[in-house]
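Novice: Let me give you the structure first, and then I'll get to my questions.
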Amino acid sequence: MKAAVIESVGRAVVTEVPDPAPGPREVVVEVAACGLCGTDLHILQGEFAPELPIVPGHEFAGEVVGVGSQVTEVAIGDQVAVDPSLYCHECRQCRNGHNNLCERWAAIGVTVPGGAAQYAVAPVANCVKLPEHVHPQDAALVEPLSCAVRGYDILQSRLGAHVLIYGSGTMGLMMLELAKRTGAASVDVVDLNPARLETARLLGVSGSAANADELDRPRGWDVVIDATGNAAAIQDGLERVAKAGTFLQFGVADYATRVTIDPYRIYNQEITITGSMAVLRSYERAAELFANGVLDPDVFISDRLPLGSYPQALEQFAAGLGRKIVVVP
């Protein structure tokens, strides 16, 4: 079969690889679409994936075309979205309910071959059947949405909060849509990219600007979310949190990224700084929200490119062009 392969640091190709075969409790999915994510760029840069080469792609959905001998939950022909998370269920973190922090953490498309291919293997437990009205090419959005749902689980948002989001790429826009539905009194967005800010305005924001100084909230925001991973954005955001407010590090920063905090202010103003790592008991809820129309795929997916263009798609994504880019085998 044809698959994208990150062969070495900085090098991605599309090539032929062996067809996958399912284990007893696994299925083979014919991939309808696979989304690109910042994690894929980190893998390209030599981070995250424990070893290369690897078939990337952890945001995908498609049709079940093969089932293992012990699979009864899905059948050939079912349309599914796939949770890429692979946990050991044995370590201290898993036993304490923090599976996303598993000490043997693994993921489809990161540690084992992923969905940037014609076919992918997944445990049946990771497959969520899609309703008939959901197109599997659109359902590549379920995985990033499940990360956003996890972010809001962490926030435990209260009604009437004023929210500031840094970044209006795919993840920032998803956080915007969820903020609107979790009772935010206002949602403001900061981004240096005018085209992305225009999409945020299309989805409905209280305010949008290239700099938070242009927004009218001198006492800060109750919730500040970084969806960029950019050091300058993170540093600015930490300084915009209101008293008793919360800062959520949601964007994935490079390993070397550093910012400065003000410990006295954190103490004196009871500011919470927290993070959200991937998916935790949020995938099924995200799939249901998606099926109920929480996102408009035509707004969120800006480019649908052939799998053969995967290296070029990575370059486009790295350049910040478009919103969600998916490859279609």
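Residue numbering restarts at 1 in every chain; chains get A, B, ... in the order shown in the structure tokens, and ligands count up from 1 in that same order.
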Using only C-alpha atoms, which protein or nucleic acid residues come within 9 Å of stretch 21-26 of chain A? Drop anything in the same chain fewer than 2 positions from it, and give the result as a list of chain:residue names.

Specialist: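 In the requested format, the answer is A:Asp19, A:Val28, A:Gly66, A:Val67, A:Gly68, A:Ser69, A:Gln70, A:Val71, A:Thr72, A:Ala120, A:Val121, A:Ala122, A:Pro123, A:Val124, A:Ala125.
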
Novice: So that I can check the surroundings of A:Gln249, please list as a short mmCIF file (atom, residue, chain, number, x, y, z; two decimals) with N, CA and C atoms, in the first residue's frame every protein, DNA and RNA residue that reaches within 10 Å of it, counting only C-alpha atoms and ignoring chain neighbours fewer than 6 positions away.

Specialist:
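The result, written out as out33.cif:
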```cif
data_model
loop_
_atom_site.label_atom_id
_atom_site.label_comp_id
_atom_site.auth_asym_id
_atom_site.auth_seq_id
_atom_site.Cartn_x
_atom_site.Cartn_y
_atom_site.Cartn_z
N GLY A 151 -9.15 19.66 27.13
CA GLY A 151 -8.74 20.96 27.64
C GLY A 151 -9.82 21.60 28.50
N VAL A 224 -7.27 32.23 30.22
CA VAL A 224 -6.39 32.52 29.08
C VAL A 224 -5.87 31.19 28.57
N ILE A 225 -6.03 30.95 27.26
CA ILE A 225 -5.64 29.69 26.65
C ILE A 225 -4.59 29.95 25.58
N ASP A 226 -3.44 29.33 25.71
CA ASP A 226 -2.48 29.38 24.62
C ASP A 226 -2.69 28.18 23.71
N ALA A 227 -2.98 28.45 22.44
CA ALA A 227 -3.15 27.38 21.45
C ALA A 227 -2.10 27.50 20.36
N THR A 228 -0.94 28.10 20.71
CA THR A 228 0.11 28.32 19.72
C THR A 228 1.39 27.54 20.01
N GLY A 229 1.75 27.41 21.28
CA GLY A 229 3.05 26.85 21.63
C GLY A 229 4.19 27.82 21.41
N ILE A 234 2.84 32.77 24.76
CA ILE A 234 2.69 32.23 26.11
C ILE A 234 3.07 33.28 27.15
N GLY A 237 0.40 35.89 27.31
CA GLY A 237 -0.82 35.35 27.90
C GLY A 237 -0.74 35.22 29.41
N LEU A 238 0.41 34.81 29.93
CA LEU A 238 0.56 34.67 31.37
C LEU A 238 0.34 36.00 32.09
N ILE A 273 -1.94 27.93 36.86
CA ILE A 273 -1.30 27.62 35.58
C ILE A 273 -1.35 26.11 35.41
N THR A 274 -1.93 25.68 34.32
CA THR A 274 -2.11 24.24 34.12
C THR A 274 -1.92 23.86 32.67
N GLY A 275 -1.91 22.58 32.39
CA GLY A 275 -1.72 22.10 31.02
C GLY A 275 -2.73 21.03 30.69
N SER A 276 -2.82 20.72 29.41
CA SER A 276 -3.72 19.67 28.94
C SER A 276 -2.98 18.82 27.93
N MET A 277 -2.87 17.52 28.22
CA MET A 277 -2.08 16.61 27.40
C MET A 277 -3.00 15.65 26.64
#
```

Novice: For the structure I just gave you, how does DSSP split stretch 27-271 of chain A - specifically, which residues are strand (DSSP E or B)? Reply as a ChimeraX atom specification.

Specialist: /A:27-35,54,59-67,79-82,85-86,106-108,112,117,119-123,127-129,162-166,186-190,207-209,221-226,241-249

Novice: Would you please work out which residue, of A:Phe250, A:Gln269, A:Leu197, A:Cys34, is nearest to A:His58 when using only C-alpha atoms?

Specialist: A:Cys34

Novice: Can you pull out the residues contacting A:Asp216? Cut-off 12 Å, using only C-alpha atoms, and skip same-chain residues under 5 positions away; I want them as a list in words.

Specialist: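 Counting only the stated atoms, we get His162, Leu164, Ser186, Val187, Asp188, Ser206, Gly207, Ser208, Ala209, Asn211, Trp221 and Arg240 of chain A.
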
Novice: So that I can check the secondary structure, give me every residue of stretch 225-266 of chain A assigned alpha helix (DSSP H) by backbone DSSP, as a ChimeraX atom specification.

Specialist: /A:231-238,263-266

Novice: Using only C-alpha atoms, which residue out of A:Ala253, A:Val82, A:Leu307, A:Ile261 lies closest to A:Gly38?

Specialist: A:Ala253

Novice: Write out as a PyMOL selection string each polymer residue whose atoms come within 6 Å of A:Ala210, counting only C-alpha atoms; drop sequence neighbours fewer than 3 positions from it.

Specialist: chain A and resi 190-192

Novice: Rank A:Ile43, A:Val294, A:Leu141, A:Val134 by their smallest atom-to-atom distance to A:Phe60, using only C-alpha atoms, and report the top residue only.

Specialist: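 Closest candidate: A:Leu141.
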
Novice: Which residue out of A:Val13, A:Ala244, A:Val205, A:Cys94 has the minimum interatomic distance to A:Met175 when only C-alpha atoms are used?

Specialist: A:Val205

Novice: Which distance in Å separates atom CA of A:Val328 and atom CA of A:Val27, to one decimal?

Specialist: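 We find that atom CA of A:Val328 and atom CA of A:Val27 lie 19.7 Å from each other.
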